[in-house]
>>> print(open('coords_14.cif').read())   # mmCIF, C-alpha atoms and all ligand atoms
data_data
loop_
_atom_site.group_PDB
_atom_site.id
_atom_site.type_symbol
_atom_site.label_atom_id
_atom_site.label_comp_id
_atom_site.auth_asym_id
_atom_site.auth_seq_id
_atom_site.Cartn_x
_atom_site.Cartn_y
_atom_site.Cartn_z
ATOM 1 C CA MET A 1 4.344 -21.914 12.579
ATOM 2 C CA HIS A 2 7.098 -19.826 11.176
ATOM 3 C CA GLY A 3 6.691 -16.430 9.670
ATOM 4 C CA GLU A 4 8.160 -12.697 9.921
ATOM 5 C CA GLY A 5 11.805 -8.409 8.931
ATOM 6 C CA LEU A 6 15.317 -7.991 10.047
ATOM 7 C CA HIS A 7 16.089 -5.642 12.820
ATOM 8 C CA ALA A 8 19.032 -4.729 14.928
ATOM 9 C CA SER A 9 20.688 -7.430 16.961
ATOM 10 C CA GLY A 10 21.664 -7.132 20.608
ATOM 11 C CA GLU A 11 25.067 -6.916 22.221
ATOM 12 C CA GLU A 12 27.697 -9.315 21.006
ATOM 13 C CA GLY A 13 29.336 -11.759 23.369
ATOM 14 C CA GLY A 14 28.301 -13.858 26.364
ATOM 15 C CA ASP A 15 27.270 -12.732 29.791
ATOM 16 C CA GLU A 16 28.026 -15.327 32.435
ATOM 17 C CA GLU A 17 26.388 -13.169 35.088
ATOM 18 C CA MET A 18 23.035 -12.646 33.388
ATOM 19 C CA ASN A 19 20.410 -12.169 36.065
ATOM 20 C CA LYS A 20 17.359 -14.370 35.621
ATOM 21 C CA GLU A 21 15.264 -11.208 35.857
ATOM 22 C CA LEU A 22 16.785 -10.173 32.557
ATOM 23 C CA PHE A 23 15.975 -13.483 30.964
ATOM 24 C CA PRO A 24 12.456 -12.612 29.706
ATOM 25 C CA ILE A 25 13.710 -9.364 28.172
ATOM 26 C CA ILE A 26 16.602 -11.009 26.355
ATOM 27 C CA TYR A 27 14.470 -13.989 25.350
ATOM 28 C CA ASP A 28 11.732 -11.744 23.946
ATOM 29 C CA ASP A 29 14.274 -9.658 22.056
ATOM 30 C CA LEU A 30 15.867 -12.712 20.436
ATOM 31 C CA TYR A 31 12.433 -14.145 19.653
ATOM 32 C CA GLN A 32 11.418 -10.886 17.952
ATOM 33 C CA GLN A 33 14.683 -10.847 16.000
ATOM 34 C CA ALA A 34 14.032 -14.386 14.748
ATOM 35 C CA ALA A 35 10.416 -13.550 13.928
ATOM 36 C CA ALA A 36 11.647 -10.515 11.995
ATOM 37 C CA VAL A 37 14.071 -12.654 9.962
ATOM 38 C CA LEU A 38 11.263 -15.031 9.038
ATOM 39 C CA ARG A 39 8.893 -12.168 8.222
ATOM 40 C CA GLU A 40 11.494 -10.449 6.054
ATOM 41 C CA ILE A 41 12.772 -13.497 4.167
ATOM 42 C CA ASN A 42 9.639 -15.644 4.388
ATOM 43 C CA PRO A 43 11.404 -18.939 3.597
ATOM 44 C CA CYS A 44 8.451 -21.179 4.534
ATOM 45 C CA LYS A 45 5.829 -19.378 2.452
ATOM 46 C CA ILE A 46 2.991 -20.569 4.688
ATOM 47 C CA ARG A 47 -0.475 -20.242 3.188
ATOM 48 C CA ARG A 48 -3.918 -20.866 4.567
ATOM 49 C CA ALA A 49 -6.471 -22.046 2.012
ATOM 50 C CA SER A 50 -10.121 -21.033 2.045
ATOM 51 C CA ASP A 51 -11.004 -24.410 3.610
ATOM 52 C CA GLY A 52 -8.734 -23.557 6.540
ATOM 53 C CA SER A 53 -5.963 -26.004 5.621
ATOM 54 C CA VAL A 54 -2.407 -24.784 5.989
ATOM 55 C CA SER A 55 0.446 -25.479 3.604
ATOM 56 C CA CYS A 56 4.076 -24.423 3.413
ATOM 57 C CA PHE A 57 7.049 -24.790 1.091
ATOM 58 C CA GLU A 58 7.758 -28.338 2.206
ATOM 59 C CA SER A 59 4.200 -29.583 2.082
ATOM 60 C CA ARG A 60 3.560 -28.169 -1.363
ATOM 61 C CA LYS A 61 6.831 -29.588 -2.708
ATOM 62 C CA TYR A 62 6.632 -33.026 -1.133
ATOM 63 C CA GLY A 63 2.906 -33.441 -0.581
ATOM 64 C CA VAL A 64 3.258 -33.563 3.193
ATOM 65 C CA GLN A 65 -0.162 -33.463 4.826
ATOM 66 C CA ASP A 66 -1.401 -30.535 6.893
ATOM 67 C CA GLY A 67 -0.946 -32.252 10.269
ATOM 68 C CA ASP A 68 2.558 -33.348 9.425
ATOM 69 C CA LEU A 69 4.078 -29.906 9.020
ATOM 70 C CA CYS A 70 6.841 -29.145 11.479
ATOM 71 C CA CYS A 71 4.321 -27.973 14.132
ATOM 72 C CA GLY A 72 2.084 -31.025 13.655
ATOM 73 C CA GLY A 73 1.018 -32.677 16.896
ATOM 74 C CA CYS A 74 2.392 -29.914 19.090
ATOM 75 C CA LYS A 75 0.237 -29.053 22.102
ATOM 76 C CA HIS A 76 0.959 -25.361 21.505
ATOM 77 C CA LEU A 77 -0.477 -25.335 18.006
ATOM 78 C CA GLY A 78 -3.791 -23.502 17.807
ATOM 79 C CA VAL A 79 -6.103 -22.768 14.923
ATOM 80 C CA LYS A 80 -4.234 -19.537 14.198
ATOM 81 C CA GLY A 81 -0.768 -21.037 14.605
ATOM 82 C CA CYS A 82 1.608 -21.184 17.535
ATOM 83 C CA ARG A 83 0.179 -19.899 20.823
ATOM 84 C CA VAL A 84 3.500 -19.504 22.631
ATOM 85 C CA GLU A 85 6.868 -17.895 22.041
ATOM 86 C CA ALA A 86 9.127 -20.872 21.382
ATOM 87 C CA LEU A 87 12.546 -19.451 20.540
ATOM 88 C CA ALA A 88 14.040 -22.838 19.631
ATOM 89 C CA CYS A 89 11.323 -23.372 17.021
ATOM 90 C CA LYS A 90 11.727 -19.837 15.699
ATOM 91 C CA VAL A 91 15.420 -20.394 14.925
ATOM 92 C CA TRP A 92 14.815 -23.806 13.299
ATOM 93 C CA LEU A 93 14.023 -24.637 9.668
ATOM 94 C CA CYS A 94 13.386 -28.037 8.091
ATOM 95 C CA HIS A 95 15.892 -29.661 5.780
ATOM 96 C CA ALA A 96 13.739 -29.043 2.692
ATOM 97 C CA VAL A 97 13.519 -25.301 3.124
ATOM 98 C CA LYS A 98 17.187 -25.042 4.103
ATOM 99 C CA GLN A 99 18.033 -26.219 0.580
ATOM 100 C CA THR A 100 16.490 -23.066 -0.915
ATOM 101 C CA LYS A 101 18.306 -19.744 -1.303
ATOM 102 C CA ALA A 102 15.792 -18.038 0.973
ATOM 103 C CA GLY A 103 16.166 -20.825 3.514
ATOM 104 C CA GLN A 104 19.943 -20.541 3.498
ATOM 105 C CA ARG A 105 19.755 -16.785 3.953
ATOM 106 C CA ALA A 106 17.275 -17.099 6.764
ATOM 107 C CA MET A 107 19.239 -19.895 8.420
ATOM 108 C CA GLU A 108 22.406 -17.822 8.494
ATOM 109 C CA ALA A 109 20.608 -15.088 10.411
ATOM 110 C CA LEU A 110 18.726 -17.549 12.631
ATOM 111 C CA GLU A 111 21.926 -19.403 13.550
ATOM 112 C CA ALA A 112 23.471 -16.112 14.644
ATOM 113 C CA ILE A 113 20.446 -15.510 16.897
ATOM 114 C CA ALA A 114 20.649 -19.059 18.287
ATOM 115 C CA ALA A 115 24.341 -18.509 19.043
ATOM 116 C CA LYS A 116 23.487 -15.330 20.950
ATOM 117 C CA ALA A 117 20.901 -17.256 22.983
ATOM 118 C CA LEU A 118 23.430 -19.927 23.871
ATOM 119 C CA GLN A 119 26.001 -17.266 24.780
ATOM 120 C CA GLN A 120 23.420 -15.935 27.207
ATOM 121 C CA ARG A 121 22.879 -19.490 28.556
ATOM 122 C CA ILE A 122 19.292 -19.505 27.316
ATOM 123 C CA PRO A 123 18.269 -23.139 26.746
ATOM 124 C CA LEU A 124 16.825 -23.773 23.299
ATOM 125 C CA LEU A 125 14.040 -26.247 24.023
ATOM 126 C CA TYR A 126 12.273 -27.408 20.889
ATOM 127 C CA ARG A 127 8.535 -26.903 21.472
ATOM 128 C CA GLY A 128 9.411 -25.304 24.782
ATOM 129 C CA THR A 129 7.840 -22.148 26.138
ATOM 130 C CA LYS A 130 9.748 -19.222 27.610
ATOM 131 C CA GLU A 131 8.685 -20.350 31.087
ATOM 132 C CA GLU A 132 9.938 -23.891 30.449
ATOM 133 C CA CYS A 133 13.268 -22.534 29.213
ATOM 134 C CA LEU A 134 13.608 -20.370 32.314
ATOM 135 C CA LYS A 135 12.919 -23.384 34.536
ATOM 136 C CA VAL A 136 15.803 -25.408 33.144
ATOM 137 C CA MET A 137 18.188 -22.480 32.863
ATOM 138 C CA ARG A 138 21.318 -22.958 34.950
HETATM 139 S S1 LIG B 201 10.247 -25.322 8.482
HETATM 140 FE FE1 LIG B 201 9.671 -26.611 6.727
HETATM 141 S S2 LIG B 201 7.901 -27.813 7.447
HETATM 142 FE FE2 LIG B 201 8.157 -26.087 8.848
HETATM 143 S S3 LIG B 201 6.777 -24.466 8.043
HETATM 144 FE FE3 LIG B 201 8.855 -24.132 7.176
HETATM 145 S S4 LIG B 201 8.836 -25.184 5.172
HETATM 146 FE FE4 LIG B 201 7.123 -25.992 6.408
HETATM 147 S S1 LIG B 202 5.889 -24.605 20.019
HETATM 148 FE FE1 LIG B 202 4.747 -26.043 18.738
HETATM 149 S S2 LIG B 202 3.291 -24.788 17.598
HETATM 150 FE FE2 LIG B 202 4.856 -23.421 18.418
HETATM 151 S S3 LIG B 202 6.370 -23.195 16.747
HETATM 152 FE FE3 LIG B 202 7.054 -24.902 18.107
HETATM 153 S S4 LIG B 202 6.203 -26.765 17.197
HETATM 154 FE FE4 LIG B 202 5.107 -25.035 16.317
#
>>> encode(input="coords_14.cif", output="structure tokens", more="lines below")
Ligand code: SF4
Ligand code: SF4
Amino acid sequence: MHGEGLHASGEEGGDEEMNKELFPIIYDDLYQQAAAVLREINPCKIRRASDGSVSCFESRKYGVQDGDLCCGGCKHLGVKGCRVEALACKVWLCHAVKQTKAGQRAMEALEAIAAKALQQRIPLLYRGTKEECLKVMR
């Protein structure tokens, strides 16, 4: 699930020679930046009800059921939310929330983070873990 305050970005520009040993450090940094954007702007407004059900902006607006939220059906989804660090998911927002002012603001910052990842040749695998991204990195 999405959720989390803006903090300083990394170096601008690509690095064709990035050593794979640096990959986890850069990946983690970008993930934390994206998490911070979501924490600061909170576009999804995720809430957990007393019965344990989870809702977000989209589900409350369109009546989407709990299991059909953007993480629905994902093998990485646990009772407390996402159990992995999936950068591609962290820089993604659904169409509904992107129509809101908060969503647009968040998306601008998230797109900049996604662009930095791609400059660093980090694959953005939707529902992919850091380890899976490293495996397919060229
Ligand atoms: S991206 Fe959309 S569906 Fe996913 S948690 Fe945010 S508001 Fe809900
Ligand atoms: S990896 Fe799965 S549970 Fe985690 S944010 Fe992506 S869709 Fe949601």
>>> residues_near_ligand(input="coords_14.cif", ligand="ligand LIG 202 (chain B)", cutoff="6 Å", atoms="all atoms listed in the file", output="VMD selection string")
chain A and resid 1 71 74 76 to 77 82 84 86 89 127 to 128
>>> resolve_selection(input="coords_14.cif", expression="the PyMOL selection byres (((chain A and resi 107) around 8) and not hetatm)", output="ChimeraX atom specification")
/A:91-93,98,103-106,108-111
>>> atom_distance(input="coords_14.cif", atom1="atom CA of Gln33 of chain A", atom2="atom CA of His95 of chain A")
21.4 Å
>>> residues_near_ligand(input="coords_14.cif", ligand="ligand LIG 201 (chain B)", cutoff="6 Å", atoms="all atoms listed in the file", output="list in words")
Met1, His2, Cys44, Cys56, Phe57, Glu58, Leu69, Cys70, Leu93, Cys94 and Val97 of chain A
>>> resolve_selection(input="coords_14.cif", expression="the PyMOL selection byres (((chain A and resi 124) around 12) and not hetatm)", output="PyMOL selection string")
chain A and resi 27+30-31+85-92+111+113-123+125-137
>>> closest_residue(input="coords_14.cif", among="A:Ser59, A:Gln32, A:Ser50, A:Asn42", to="Lys101 of chain A", atoms="only C-alpha atoms")
A:Asn42
>>> closest_residue(input="coords_14.cif", among="A:Ala35, A:Pro43, A:Asp51, A:Lys75", to="Ala96 of chain A", atoms="all atoms listed in the file")
A:Pro43
>>> atom_distance(input="coords_14.cif", atom1="atom CA of Gln99 of chain A", atom2="atom CA of Leu38 of chain A")
15.6 Å
>>> closest_residue(input="coords_14.cif", among="A:Lys80, A:Phe23, A:Gly73, A:Val37", to="Val54 of chain A", atoms="all atoms listed in the file")
A:Lys80
>>> atom_distance(input="coords_14.cif", atom1="atom CA of Gly81 of chain A", atom2="atom CA of Ala112 of chain A")
24.7 Å
